[in-house]
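Okay, my_file34.csv now, which holds CSV, C-alpha atoms:
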```csv
chain,number,residue,atom,x,y,z
A,1,MET,CA,14.2,-3.6,-19.6
A,2,GLY,CA,17.3,-5.6,-20.2
A,3,ASN,CA,17.6,-8.5,-22.5
A,4,THR,CA,14.4,-10.7,-22.4
A,5,LYS,CA,16.3,-13.6,-24.1
A,6,SER,CA,18.5,-14.0,-21.1
A,7,SER,CA,17.3,-16.6,-18.7
A,8,ALA,CA,19.2,-14.9,-15.8
A,9,LEU,CA,17.7,-12.2,-13.7
A,10,SER,CA,19.5,-8.9,-13.9
A,11,LYS,CA,21.5,-7.9,-10.9
A,12,GLU,CA,19.6,-4.7,-10.4
A,13,LEU,CA,16.2,-6.3,-10.6
A,14,LEU,CA,17.4,-9.1,-8.2
A,15,GLU,CA,18.6,-6.6,-5.6
A,16,ASP,CA,15.5,-4.5,-6.0
A,17,LEU,CA,13.2,-7.5,-5.4
A,18,LYS,CA,15.2,-8.9,-2.6
A,19,SER,CA,15.0,-5.6,-0.7
A,20,ASN,CA,11.3,-5.0,-1.4
A,21,THR,CA,9.9,-8.5,-0.9
A,22,LYS,CA,10.4,-11.4,1.6
A,23,TYR,CA,11.9,-13.7,-1.1
A,24,SER,CA,15.5,-15.0,-1.2
A,25,GLU,CA,17.8,-14.9,-4.2
A,26,VAL,CA,17.3,-18.7,-4.8
A,27,GLU,CA,13.5,-18.3,-4.7
A,28,LEU,CA,13.5,-15.4,-7.1
A,29,CYS,CA,15.8,-17.1,-9.6
A,30,THR,CA,13.7,-20.3,-9.5
A,31,TRP,CA,10.5,-18.4,-10.0
A,32,TYR,CA,12.1,-16.4,-12.9
A,33,GLN,CA,13.0,-19.7,-14.7
A,34,SER,CA,9.4,-21.0,-14.3
A,35,PHE,CA,8.0,-17.6,-15.2
A,36,LEU,CA,10.0,-17.6,-18.5
A,37,LYS,CA,8.8,-21.2,-19.2
A,38,GLU,CA,5.1,-20.0,-18.9
A,39,CYS,CA,5.7,-16.7,-20.5
A,40,PRO,CA,8.7,-16.9,-22.9
A,41,GLY,CA,8.1,-13.2,-23.9
A,42,GLY,CA,8.8,-12.2,-20.3
A,43,LYS,CA,5.2,-10.8,-19.8
A,44,ILE,CA,1.9,-12.3,-18.5
A,45,SER,CA,-1.2,-11.2,-20.4
A,46,LYS,CA,-4.5,-10.5,-18.6
A,47,GLU,CA,-5.9,-13.7,-20.1
A,48,GLN,CA,-3.0,-15.8,-18.7
A,49,PHE,CA,-3.3,-14.1,-15.3
A,50,GLU,CA,-7.1,-14.9,-15.3
A,51,ASN,CA,-6.4,-18.5,-16.2
A,52,ILE,CA,-3.9,-18.8,-13.3
A,53,TYR,CA,-6.5,-17.4,-11.0
A,54,ALA,CA,-9.2,-19.7,-12.3
A,55,SER,CA,-7.1,-22.8,-11.5
A,56,PHE,CA,-7.3,-21.8,-7.8
A,57,PHE,CA,-11.1,-21.4,-7.9
A,58,PRO,CA,-12.5,-24.3,-9.9
A,59,ASP,CA,-15.9,-24.1,-8.2
A,60,ALA,CA,-16.4,-20.3,-8.8
A,61,ASN,CA,-16.0,-17.6,-11.3
A,62,PRO,CA,-13.0,-15.4,-10.4
A,63,THR,CA,-12.7,-13.7,-13.8
A,64,ALA,CA,-14.0,-10.3,-12.7
A,65,TYR,CA,-11.9,-10.3,-9.5
A,66,ALA,CA,-8.8,-11.5,-11.4
A,67,ARG,CA,-9.3,-8.6,-13.8
A,68,HIS,CA,-9.3,-6.1,-11.0
A,69,VAL,CA,-6.3,-7.7,-9.3
A,70,PHE,CA,-4.4,-7.6,-12.6
A,71,ARG,CA,-5.3,-3.9,-13.1
A,72,SER,CA,-4.1,-3.0,-9.6
A,73,PHE,CA,-0.7,-4.6,-10.3
A,74,ASP,CA,-0.2,-3.5,-13.9
A,75,SER,CA,1.7,-0.5,-12.6
A,76,ASN,CA,2.6,0.9,-16.0
A,77,ALA,CA,-0.9,0.1,-17.5
A,78,ASP,CA,0.5,-1.7,-20.5
A,79,GLY,CA,-1.9,-4.6,-20.3
A,80,THR,CA,0.7,-7.1,-19.2
A,81,LEU,CA,2.6,-7.9,-16.0
A,82,ASP,CA,6.4,-8.2,-16.2
A,83,PHE,CA,8.3,-10.4,-13.7
A,84,LYS,CA,8.8,-7.5,-11.3
A,85,GLU,CA,5.0,-6.7,-11.2
A,86,TYR,CA,4.2,-10.4,-10.9
A,87,ILE,CA,6.5,-10.9,-7.9
A,88,VAL,CA,5.3,-7.8,-6.2
A,89,ALA,CA,1.8,-9.1,-6.7
A,90,LEU,CA,2.7,-12.5,-5.2
A,91,HIS,CA,4.4,-10.8,-2.2
A,92,LEU,CA,1.6,-8.4,-1.4
A,93,THR,CA,-1.2,-10.9,-1.7
A,94,SER,CA,0.6,-13.7,0.2
A,95,GLY,CA,2.3,-11.8,3.0
A,96,GLY,CA,3.2,-8.2,2.5
A,97,LYS,CA,3.2,-5.8,5.4
A,98,THR,CA,-0.2,-4.7,6.5
A,99,LEU,CA,0.3,-1.1,5.3
A,100,GLN,CA,1.5,-2.2,1.8
A,101,LYS,CA,-1.5,-4.6,1.6
A,102,LEU,CA,-3.9,-1.8,2.5
A,103,GLU,CA,-2.3,0.6,0.0
A,104,TRP,CA,-2.8,-2.2,-2.6
A,105,ALA,CA,-6.4,-2.9,-1.4
A,106,PHE,CA,-7.2,0.8,-1.9
A,107,GLY,CA,-5.8,0.6,-5.4
A,108,LEU,CA,-8.0,-2.4,-6.0
A,109,TYR,CA,-11.1,-0.7,-4.9
A,110,ASP,CA,-10.2,2.6,-6.7
A,111,VAL,CA,-11.5,1.2,-10.0
A,112,ASP,CA,-11.2,4.3,-12.0
A,113,GLY,CA,-7.9,5.3,-10.5
A,114,ASN,CA,-8.9,8.8,-9.5
A,115,GLY,CA,-7.6,8.6,-5.9
A,116,THR,CA,-10.9,8.1,-4.1
A,117,ILE,CA,-13.3,5.2,-3.7
A,118,SER,CA,-17.1,5.6,-4.3
A,119,LYS,CA,-19.9,3.4,-3.1
A,120,ASN,CA,-20.3,2.0,-6.6
A,121,GLU,CA,-16.7,1.0,-6.7
A,122,VAL,CA,-17.0,-0.8,-3.4
A,123,LEU,CA,-20.1,-2.6,-4.8
A,124,GLU,CA,-18.2,-3.5,-8.0
A,125,ILE,CA,-15.3,-5.2,-6.2
A,126,VAL,CA,-17.6,-6.9,-3.6
A,127,ARG,CA,-19.7,-8.4,-6.5
A,128,ALA,CA,-16.4,-9.7,-8.0
A,129,ILE,CA,-15.5,-11.3,-4.6
A,130,PHE,CA,-19.0,-12.9,-4.4
A,131,ASN,CA,-18.4,-14.5,-7.8
A,132,MET,CA,-15.6,-16.4,-6.1
A,133,ILE,CA,-17.6,-17.7,-3.1
A,134,PRO,CA,-19.2,-21.0,-3.9
A,135,VAL,CA,-23.0,-20.9,-3.7
A,136,ASP,CA,-23.0,-23.4,-0.8
A,137,ASP,CA,-20.6,-21.2,1.2
A,138,GLN,CA,-22.7,-18.1,0.5
A,139,LYS,CA,-25.6,-19.7,2.4
A,140,ASN,CA,-23.5,-19.7,5.5
A,141,LEU,CA,-22.8,-15.9,5.4
A,142,GLN,CA,-24.3,-13.6,8.1
A,143,GLU,CA,-27.7,-12.3,7.2
A,144,ASP,CA,-26.5,-8.7,7.0
A,145,GLU,CA,-23.7,-9.5,4.5
A,146,ASN,CA,-25.1,-12.4,2.4
A,147,THR,CA,-25.4,-10.3,-0.8
A,148,PRO,CA,-23.0,-8.0,-2.5
A,149,GLU,CA,-25.4,-5.1,-1.9
A,150,LYS,CA,-25.7,-5.8,1.8
A,151,ARG,CA,-21.9,-6.2,2.2
A,152,ALA,CA,-21.1,-3.0,0.3
A,153,GLU,CA,-23.7,-1.2,2.5
A,154,LYS,CA,-22.1,-2.6,5.6
A,155,ILE,CA,-18.6,-1.4,4.5
A,156,TRP,CA,-20.0,2.0,3.6
A,157,GLU,CA,-21.6,2.3,7.1
A,158,PHE,CA,-18.4,1.3,8.8
A,159,PHE,CA,-16.8,4.4,7.2
A,160,GLY,CA,-19.7,6.5,8.2
A,161,LYS,CA,-20.3,7.7,4.7
A,162,LYS,CA,-23.4,9.1,3.0
A,163,GLU,CA,-24.5,7.7,-0.4
A,164,ASN,CA,-22.4,10.1,-2.6
A,165,ASP,CA,-19.4,10.5,-0.3
A,166,LYS,CA,-15.9,9.3,-1.3
A,167,ILE,CA,-13.3,7.5,0.8
A,168,LEU,CA,-9.7,8.9,0.6
A,169,GLU,CA,-6.7,6.5,0.8
A,170,GLY,CA,-5.6,7.7,4.3
A,171,GLU,CA,-9.1,7.2,5.8
A,172,PHE,CA,-9.4,3.9,4.1
A,173,ILE,CA,-6.2,2.6,5.6
A,174,GLN,CA,-7.0,4.1,9.0
A,175,GLY,CA,-10.5,2.7,9.0
A,176,VAL,CA,-9.4,-0.8,8.2
A,177,MET,CA,-6.6,-0.7,10.7
A,178,ASP,CA,-9.0,0.5,13.4
A,179,ASN,CA,-11.6,-2.1,12.6
A,180,LYS,CA,-10.8,-5.8,11.9
A,181,ASP,CA,-14.4,-6.4,10.7
A,182,ILE,CA,-13.8,-4.1,7.7
A,183,LEU,CA,-10.7,-6.0,6.8
A,184,ARG,CA,-12.7,-9.2,6.7
A,185,LEU,CA,-15.4,-7.6,4.6
A,186,ILE,CA,-13.2,-6.0,1.9
A,187,GLN,CA,-11.1,-9.1,1.1
A,188,TYR,CA,-11.5,-12.5,-0.3
A,189,ASP,CA,-9.1,-14.5,1.9
A,190,GLU,CA,-9.5,-18.2,1.8
A,191,PRO,CA,-5.8,-19.3,1.8
A,192,GLN,CA,-6.5,-22.5,3.6
A,193,LYS,CA,-9.0,-23.6,0.9
A,194,ILE,CA,-6.4,-22.8,-1.8
A,195,LYS,CA,-3.7,-24.7,0.1
A,196,ASP,CA,-6.1,-27.7,0.4
A,197,LYS,CA,-6.9,-27.6,-3.3
A,198,LEU,CA,-3.2,-27.5,-4.2
A,199,LYS,CA,-2.6,-30.6,-1.9
A,200,GLU,CA,-5.4,-32.4,-3.7
A,201,LYS,CA,-3.8,-31.7,-7.1
A,202,LYS,CA,-0.4,-33.0,-5.9
A,203,GLN,CA,-1.9,-36.4,-4.7
```

In structure tokens, write the structure found in this file.
Amino acid sequence: MGNTKSSALSKELLEDLKSNTKYSEVELCTWYQSFLKECPGGKISKEQFENIYASFFPDANPTAYARHVFRSFDSNADGTLDFKEYIVALHLTSGGKTLQKLEWAFGLYDVDGNGTISKNEVLEIVRAIFNMIPVDDQKNLQEDENTPEKRAEKIWEFFGKKENDKILEGEFIQGVMDNKDILRLIQYDEPQKIKDKLKEKKQ
């Protein structure tokens, strides 16, 4: 896709990202420069992505979750993220529109990519989320959602599903939009903690 040696962003890609994300031209160009410094080949490998994620969660084990996040953004399934995939990932996880975020969340939970979510897939992602919650924080979780199994069961019940049912994308999005509790249960969203950690690193 264009010349990877060039340190300038192609006009087409710049326009594409400006219209599809909330970022300005200056932000995108700055990020592109630092992206090329980190990844001279113009691609982030799964391992690099997992390491970036791990730096945000020093007290936990985010590897499994990072792997699922990586899979959900590797849109051409080539085992790497290019700059466009990386920026779309940043945009969606840090402030995309609700509908886009939910479409992404569906893709995250649809582990085998068959267009539906099974109860086992919910459990797999919830387990990955639990690996990122420090043990001390897990003690403060509500009784009916303090293990991956309980939380997966609770999500499944919210959707009114039987054991072997499947959730389709439309009903997933509708269900989450209708019920803020599901949104809280399906995501790992501790932006304040991450911001605090970044502040600590700067000091």

Taking (-17.7, -20.9, -8.0) in the file's coordinates, which residues come within 9 Å, counting all atoms listed in the file, written as a PyMOL selection string? chain A and resi 57-62+130-135

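Note that the spacing between CA of Glu27 (chain A) and CA of Phe106 (chain A) amounts to 28.3 Å.
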
Tell me, in Å to one decimal, how far CA of Glu85 (chain A) is from CA of Glu25 (chain A). 16.7 Å

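Among the candidate residues A:Lys43, A:His68, A:Lys22, A:Arg184, the one lying nearest to Gly113 (chain A) is A:His68, with distances computed using all atoms listed in the file.
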
Residues within 10 Å of Phe83 (chain A), all atoms listed in the file, excluding chain neighbours under 4 positions, as a list in words: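 Final neighbour list, sorted by chain and number: Leu9, Leu13, Leu28, Trp31, Tyr32, Phe35, Leu36, Cys39, Gly42, Lys43, Ile44, Ile87, Val88 and Ala89 of chain A.
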
For Asp178 (chain A), which residue among A:Ala54, A:Leu123, A:Lys166, A:Phe158 is the nearest when counting only C-alpha atoms?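 Using only C-alpha atoms, the shortest distance to Asp178 (chain A) belongs to A:Phe158.
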
Pull the closest atom pair for each residue of region 45-126 of chain A that gets at most 10 Å from region 143-153 of chain A, along with the distance in Å to one decimal, counting all atoms listed in the file, ordering rows by chain and then ascending residue number, as a tab-separated table.
```
residue	atom	partner	partner_atom	distance
A:Lys119	CA	A:Ala152	CA	7.3
A:Asn120	CA	A:Ala152	CA	8.6
A:Glu121	CA	A:Ala152	CA	9.2
A:Val122	CA	A:Ala152	CA	5.9
A:Leu123	CA	A:Ala152	CA	5.2
A:Glu124	CA	A:Pro148	CA	8.6
A:Ile125	CA	A:Ala152	CA	9.0
A:Val126	CA	A:Pro148	CA	5.6
```

Within 12 Å of region 174-177 of chain A, counting all atoms listed in the file, which residues show up once you throw out same-chain ones fewer than 6 positions away? Write them as a list in words, please. Thr98, Leu99, Lys101, Leu102, Glu103, Ala105, Phe106, Ile155, Trp156, Glu157, Phe158, Phe159, Gly160, Lys161, Ile167, Leu168, Leu183, Arg184, Leu185, Ile186 and Gln187 of chain A

Compile the contact shell of Glu50 (chain A) as a list in words: residues with an atom at most 7 Å away, counting only C-alpha atoms, same-chain residues fewer than 6 positions apart removed.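 Residues near the query, excluding close chain neighbours: Thr63, Ala66 and Arg67 of chain A.
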
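Taking CA of Arg71 (chain A) and CA of Gln138 (chain A) as the two end points, the separation is 26.3 Å.
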
Smallest atom-to-atom distance to Ala64 (chain A): which of A:Glu38, A:Asp78, A:Asp110, A:Glu47, using all atoms listed in the file?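 Comparing A:Glu38, A:Asp78, A:Asp110, A:Glu47 against Ala64 (chain A), the winner is A:Glu47.
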
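Around the point (0.5, -9.5, -11.3), within 7 Å and counting all atoms listed in the file, we find these residues: A:Phe70, A:Phe73, A:Asp74, A:Leu81, A:Glu85, A:Tyr86, A:Ala89.
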
Out of A:Ser19, A:Lys37, A:Asp82, A:Phe172, which residue has the shortest atom-to-atom distance to Leu108 (chain A) when counting all atoms listed in the file?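 With all atoms listed in the file as the atom set, the closest residue is A:Phe172.
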